[in-house]
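Colleague: What follows is data-v7.txt, made up of compact mmCIF, C-alpha atoms:
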```
# COMPACT_ATOMS: atom_id res chain seq x y z
CA MET A 1 31.99 -12.32 19.31
CA ASP A 2 29.06 -10.63 17.61
CA ARG A 3 29.77 -8.47 14.62
CA PRO A 4 28.09 -5.08 14.29
CA THR A 5 24.94 -4.87 12.23
CA THR A 6 25.58 -3.45 8.78
CA GLU A 7 23.38 -1.57 6.35
CA ASP A 8 23.44 -4.71 4.18
CA ASP A 9 22.06 -6.75 7.08
CA VAL A 10 19.21 -4.30 7.63
CA LEU A 11 18.40 -4.00 3.93
CA GLY A 12 18.32 -7.77 3.58
CA ALA A 13 16.10 -8.08 6.65
CA LEU A 14 13.72 -5.46 5.20
CA PHE A 15 13.42 -7.46 1.97
CA VAL A 16 12.73 -10.64 3.94
CA LEU A 17 10.21 -8.77 6.09
CA THR A 18 8.51 -7.53 2.93
CA GLN A 19 8.18 -11.10 1.64
CA HIS A 20 6.72 -12.37 4.93
CA LEU A 21 4.44 -9.37 5.31
CA THR A 22 3.13 -9.74 1.76
CA ARG A 23 2.39 -13.43 2.25
CA TYR A 24 0.72 -12.77 5.62
CA ALA A 25 -1.36 -9.92 4.17
CA ASP A 26 -2.33 -11.96 1.10
CA ASP A 27 -3.64 -14.70 3.38
CA ALA A 28 -5.48 -12.23 5.61
CA LEU A 29 -7.01 -10.35 2.67
CA ALA A 30 -8.18 -13.45 0.81
CA ARG A 31 -11.56 -13.17 2.55
CA TYR A 32 -12.09 -9.86 0.71
CA GLY A 33 -10.94 -11.20 -2.65
CA VAL A 34 -7.94 -8.87 -2.92
CA THR A 35 -4.18 -9.26 -2.69
CA ALA A 36 -1.84 -7.16 -0.57
CA ARG A 37 -0.80 -5.17 -3.66
CA GLN A 38 -4.44 -4.48 -4.52
CA TRP A 39 -5.30 -3.56 -0.95
CA LEU A 40 -2.32 -1.19 -0.81
CA LEU A 41 -3.52 0.66 -3.91
CA LEU A 42 -6.98 0.97 -2.36
CA ALA A 43 -5.41 2.29 0.85
CA VAL A 44 -3.33 4.79 -1.13
CA LEU A 45 -6.44 6.01 -2.96
CA VAL A 46 -8.68 6.19 0.12
CA ARG A 47 -6.14 7.66 2.56
CA GLY A 48 -3.83 9.55 0.23
CA PHE A 49 -6.53 11.08 -1.95
CA PRO A 50 -9.69 11.28 0.18
CA GLY A 51 -12.65 12.30 -1.94
CA GLU A 52 -10.39 12.79 -4.97
CA ARG A 53 -9.83 10.98 -8.25
CA PRO A 54 -6.07 10.98 -8.78
CA THR A 55 -4.46 10.27 -12.11
CA LEU A 56 -2.61 7.02 -12.62
CA THR A 57 0.64 9.01 -12.44
CA GLN A 58 -0.31 10.61 -9.11
CA ALA A 59 -1.36 7.25 -7.69
CA ALA A 60 1.85 5.61 -8.91
CA ARG A 61 3.96 8.22 -7.17
CA ALA A 62 2.10 7.74 -3.88
CA TYR A 63 2.13 3.94 -4.28
CA GLY A 64 5.85 3.98 -4.99
CA THR A 65 5.85 2.18 -8.31
CA SER A 66 5.50 2.73 -12.03
CA ARG A 67 2.40 3.98 -13.78
CA GLN A 68 2.27 0.67 -15.68
CA ASN A 69 2.25 -1.30 -12.44
CA VAL A 70 -0.54 0.83 -10.98
CA THR A 71 -2.49 0.43 -14.23
CA GLN A 72 -2.23 -3.35 -13.93
CA VAL A 73 -3.34 -3.40 -10.29
CA ALA A 74 -6.11 -0.85 -10.96
CA ARG A 75 -7.46 -2.97 -13.81
CA GLN A 76 -7.59 -5.97 -11.48
CA LEU A 77 -9.51 -3.88 -8.95
CA ALA A 78 -11.79 -2.55 -11.68
CA ALA A 79 -12.63 -6.12 -12.69
CA ARG A 80 -13.78 -6.67 -9.08
CA GLY A 81 -15.83 -3.46 -9.12
CA LEU A 82 -13.68 -1.73 -6.50
CA VAL A 83 -12.14 0.96 -8.72
CA ALA A 84 -13.25 2.78 -11.84
CA LEU A 85 -10.74 3.98 -14.43
CA GLU A 86 -12.09 7.17 -15.96
CA PRO A 87 -10.73 9.46 -18.67
CA ASP A 88 -9.77 12.89 -17.38
CA PRO A 89 -12.28 15.37 -18.85
CA ALA A 90 -9.58 18.04 -19.18
CA ASP A 91 -6.89 15.77 -20.63
CA ARG A 92 -8.02 12.68 -22.50
CA ARG A 93 -4.48 11.25 -22.29
CA ALA A 94 -4.78 11.02 -18.51
CA THR A 95 -6.75 8.36 -16.67
CA ARG A 96 -8.21 8.98 -13.24
CA LEU A 97 -8.92 6.40 -10.56
CA ALA A 98 -12.14 6.50 -8.57
CA VAL A 99 -12.85 4.24 -5.63
CA THR A 100 -16.34 2.76 -5.89
CA PRO A 101 -18.86 2.44 -3.05
CA LEU A 102 -18.09 -1.29 -2.97
CA VAL A 103 -14.84 -0.47 -1.15
CA ALA A 104 -16.73 0.95 1.84
CA ARG A 105 -19.24 -1.92 1.78
CA THR A 106 -16.34 -4.40 1.78
CA PHE A 107 -13.85 -2.85 4.21
CA ASP A 108 -15.85 -0.47 6.42
CA THR A 109 -18.08 -3.00 8.15
CA PRO A 110 -17.64 -3.66 11.87
CA ASP A 111 -16.51 -7.24 11.13
CA ALA A 112 -13.97 -6.12 8.53
CA ALA A 113 -12.64 -3.37 10.81
CA ALA A 114 -12.19 -5.84 13.69
CA HIS A 115 -10.46 -8.32 11.38
CA GLN A 116 -8.12 -5.65 10.03
CA ARG A 117 -7.25 -4.46 13.56
CA ALA A 118 -6.43 -8.06 14.55
CA VAL A 119 -4.22 -8.52 11.47
CA VAL A 120 -2.30 -5.33 12.21
CA ALA A 121 -2.03 -6.16 15.91
CA THR A 122 -0.45 -9.50 15.05
CA VAL A 123 2.25 -7.86 12.94
CA PHE A 124 3.22 -5.44 15.71
CA ALA A 125 2.47 -7.65 18.74
CA ASP A 126 6.05 -7.56 20.02
CA LEU A 127 6.48 -3.79 19.69
CA GLY A 128 5.62 -1.34 22.44
CA ASP A 129 4.40 2.19 21.81
CA ASP A 130 7.95 3.61 21.87
CA ASP A 131 9.19 0.93 19.46
CA LEU A 132 6.28 1.59 17.11
CA ALA A 133 6.91 5.34 17.17
CA THR A 134 10.60 4.78 16.46
CA LEU A 135 9.83 2.37 13.62
CA ASP A 136 7.35 4.84 12.12
CA ARG A 137 9.94 7.63 12.29
CA LEU A 138 12.71 5.53 10.76
CA VAL A 139 10.53 4.14 7.97
CA GLY A 140 9.34 7.67 7.21
CA ARG A 141 12.92 8.87 6.92
CA CYS A 142 13.87 6.00 4.61
CA LEU A 143 10.81 6.64 2.43
CA GLY A 144 11.70 10.32 2.27
CA THR A 145 15.21 9.50 1.13
CA LEU A 146 13.96 7.10 -1.52
CA ARG A 147 11.35 9.57 -2.80
CA ALA A 148 13.98 12.29 -3.04
CA ALA A 149 16.30 9.95 -4.93
CA ALA A 150 13.49 9.06 -7.34
CA ASP A 151 12.86 12.75 -8.02
CA ARG A 152 16.46 13.38 -9.12
```
In structure tokens, how does this file's structure come out?
Modeller:
Amino acid sequence: MDRPTTEDDVLGALFVLTQHLTRYADDALARYGVTARQWLLLAVLVRGFPGERPTLTQAARAYGTSRQNVTQVARQLAARGLVALEPDPADRRATRLAVTPLVARTFDTPDAAAHQRAVVATVFADLGDDDLATLDRLVGRCLGTLRAAADR
């Protein structure tokens, strides 16, 4: 007889999924010279702060990690010429992140866009539109709960 799925089962599966997804993304992103963590920070900056230069603290909140972790990833991206770390003119204690034009030249080509669509399609190949919408809704709710807990 099957036992009911527990929260522990789902949480464990999410951690395992994260490991597999990270490895898969690292392999897929190797052609661009970035890791999944680096790509995620670029995505957060480009999509979460379009045309803006967020502070490290703002980027860390959106990325879901510590300021120190974002600083480390941002420095790696800066070494590749993809991000610039700039002092805030109004507050010299704050550092702002600026995406460089190299990001668009690297990721916004027709070949890169097709490759990225294929990578994403592989991850969700077994999910229909309804499943994908449900997953998006559930993940959004979990993220909301975690963000609220972090703000307490």
Colleague: Need the shell around Pro87 in chain A: protein/DNA/RNA residues with any atom at most 12 Å away, counting all atoms listed in the file. Skip same-chain ones fewer than 2 positions apart. Format as a PyMOL selection string?
Modeller: chain A and resi 53-56+84-85+89-98
Colleague: Would you compute the distance between CA of Thr22 in chain A and CA of Thr35 in chain A? Give it in Å to one decimal.
Modeller: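 So the answer is 8.6 Å.
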Colleague: Quote the spacing between CA of Thr5 in chain A and CA of Leu138 in chain A in Å to one decimal place.
Modeller: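 CA of Leu138 in chain A lies 16.1 Å from CA of Thr5 in chain A.
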Colleague: Could you tell me how far CA of Val34 in chain A sits from CA of Leu135 in chain A, in Å to one decimal place?
Modeller: 26.8 Å
Colleague: For Asn69 in chain A, list every protein, DNA or RNA residue within 12 Å, evaluated using only C-alpha atoms, and leave out those in the same chain fewer than 4 positions away; present the list as a ChimeraX atom specification.
Modeller: /A:37-38,41,56-57,59-61,63-65,73-76
Colleague: Between A:Leu102, A:Val70, A:Ala112, A:Val123, single out the one closest to Leu40 in chain A, counting only C-alpha atoms.
Modeller: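 Using only C-alpha atoms, the shortest distance to Leu40 in chain A belongs to A:Val70.
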Colleague: If we count all atoms listed in the file, what is near range 23-25 of chain A at a cut-off of 8 Å, once residues fewer than 3 positions away on the same chain are taken out, given as a ChimeraX atom specification?
Modeller: /A:19-20,28-29,35-36,119
Colleague: Given only C-alpha atoms, how would the per-residue table for range 88-140 of chain A near range 43-49 of chain A read, listing every residue at most 12 Å away with its closest atom pair and distance in Å to one decimal, sorted by chain and number, as JSON lines?
Modeller:
```
{"residue": "A:Arg96", "atom": "CA", "partner": "A:Leu45", "partner_atom": "CA", "distance": 10.8}
{"residue": "A:Leu97", "atom": "CA", "partner": "A:Leu45", "partner_atom": "CA", "distance": 8.0}
{"residue": "A:Ala98", "atom": "CA", "partner": "A:Leu45", "partner_atom": "CA", "distance": 8.0}
{"residue": "A:Val99", "atom": "CA", "partner": "A:Leu45", "partner_atom": "CA", "distance": 7.2}
{"residue": "A:Thr100", "atom": "CA", "partner": "A:Val46", "partner_atom": "CA", "distance": 10.3}
{"residue": "A:Pro101", "atom": "CA", "partner": "A:Val46", "partner_atom": "CA", "distance": 11.3}
{"residue": "A:Val103", "atom": "CA", "partner": "A:Val46", "partner_atom": "CA", "distance": 9.2}
{"residue": "A:Ala104", "atom": "CA", "partner": "A:Val46", "partner_atom": "CA", "distance": 9.8}
{"residue": "A:Phe107", "atom": "CA", "partner": "A:Ala43", "partner_atom": "CA", "distance": 10.4}
{"residue": "A:Asp108", "atom": "CA", "partner": "A:Val46", "partner_atom": "CA", "distance": 11.6}
```
Colleague: Go through A:Thr71, A:Val120, A:Cys142, A:Leu42 and flag the residue nearest Leu11 in chain A, using all atoms listed in the file for the distances.
Modeller: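 Smallest separation from Leu11 in chain A among the options: A:Cys142.
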Colleague: Once N, CA and C atoms are restored for range 75-88 of chain A, what would the output be as a PDB file, keeping the file's coordinate frame?
Modeller:
```pdb
ATOM      1  N   ARG A  75      -6.585  -2.181 -12.943  1.00  0.00           N
ATOM      2  CA  ARG A  75      -7.460  -2.970 -13.810  1.00  0.00           C
ATOM      3  C   ARG A  75      -7.989  -4.207 -13.092  1.00  0.00           C
ATOM      4  N   GLN A  76      -7.141  -4.822 -12.268  1.00  0.00           N
ATOM      5  CA  GLN A  76      -7.590  -5.970 -11.480  1.00  0.00           C
ATOM      6  C   GLN A  76      -8.686  -5.549 -10.503  1.00  0.00           C
ATOM      7  N   LEU A  77      -8.499  -4.397  -9.878  1.00  0.00           N
ATOM      8  CA  LEU A  77      -9.510  -3.880  -8.950  1.00  0.00           C
ATOM      9  C   LEU A  77     -10.777  -3.473  -9.683  1.00  0.00           C
ATOM     10  N   ALA A  78     -10.624  -2.928 -10.882  1.00  0.00           N
ATOM     11  CA  ALA A  78     -11.790  -2.550 -11.680  1.00  0.00           C
ATOM     12  C   ALA A  78     -12.607  -3.782 -12.058  1.00  0.00           C
ATOM     13  N   ALA A  79     -11.927  -4.879 -12.349  1.00  0.00           N
ATOM     14  CA  ALA A  79     -12.630  -6.120 -12.690  1.00  0.00           C
ATOM     15  C   ALA A  79     -13.446  -6.629 -11.508  1.00  0.00           C
ATOM     16  N   ARG A  80     -13.041  -6.281 -10.296  1.00  0.00           N
ATOM     17  CA  ARG A  80     -13.780  -6.670  -9.080  1.00  0.00           C
ATOM     18  C   ARG A  80     -14.818  -5.624  -8.683  1.00  0.00           C
ATOM     19  N   GLY A  81     -14.867  -4.505  -9.423  1.00  0.00           N
ATOM     20  CA  GLY A  81     -15.830  -3.460  -9.120  1.00  0.00           C
ATOM     21  C   GLY A  81     -15.418  -2.531  -8.001  1.00  0.00           C
ATOM     22  N   LEU A  82     -14.148  -2.546  -7.611  1.00  0.00           N
ATOM     23  CA  LEU A  82     -13.680  -1.730  -6.500  1.00  0.00           C
ATOM     24  C   LEU A  82     -13.130  -0.370  -6.938  1.00  0.00           C
ATOM     25  N   VAL A  83     -12.710  -0.278  -8.189  1.00  0.00           N
ATOM     26  CA  VAL A  83     -12.140   0.960  -8.720  1.00  0.00           C
ATOM     27  C   VAL A  83     -12.693   1.180 -10.125  1.00  0.00           C
ATOM     28  N   ALA A  84     -12.878   2.428 -10.471  1.00  0.00           N
ATOM     29  CA  ALA A  84     -13.250   2.780 -11.840  1.00  0.00           C
ATOM     30  C   ALA A  84     -12.100   3.576 -12.454  1.00  0.00           C
ATOM     31  N   LEU A  85     -11.740   3.221 -13.675  1.00  0.00           N
ATOM     32  CA  LEU A  85     -10.740   3.980 -14.430  1.00  0.00           C
ATOM     33  C   LEU A  85     -11.507   4.891 -15.372  1.00  0.00           C
ATOM     34  N   GLU A  86     -11.309   6.196 -15.215  1.00  0.00           N
ATOM     35  CA  GLU A  86     -12.090   7.170 -15.960  1.00  0.00           C
ATOM     36  C   GLU A  86     -11.171   8.125 -16.722  1.00  0.00           C
ATOM     37  N   PRO A  87     -11.530   8.459 -17.954  1.00  0.00           N
ATOM     38  CA  PRO A  87     -10.730   9.460 -18.670  1.00  0.00           C
ATOM     39  C   PRO A  87     -10.856  10.816 -17.991  1.00  0.00           C
ATOM     40  N   ASP A  88      -9.761  11.545 -17.952  1.00  0.00           N
ATOM     41  CA  ASP A  88      -9.770  12.890 -17.380  1.00  0.00           C
ATOM     42  C   ASP A  88     -10.499  13.796 -18.366  1.00  0.00           C
TER      43      ASP A  88
END
```
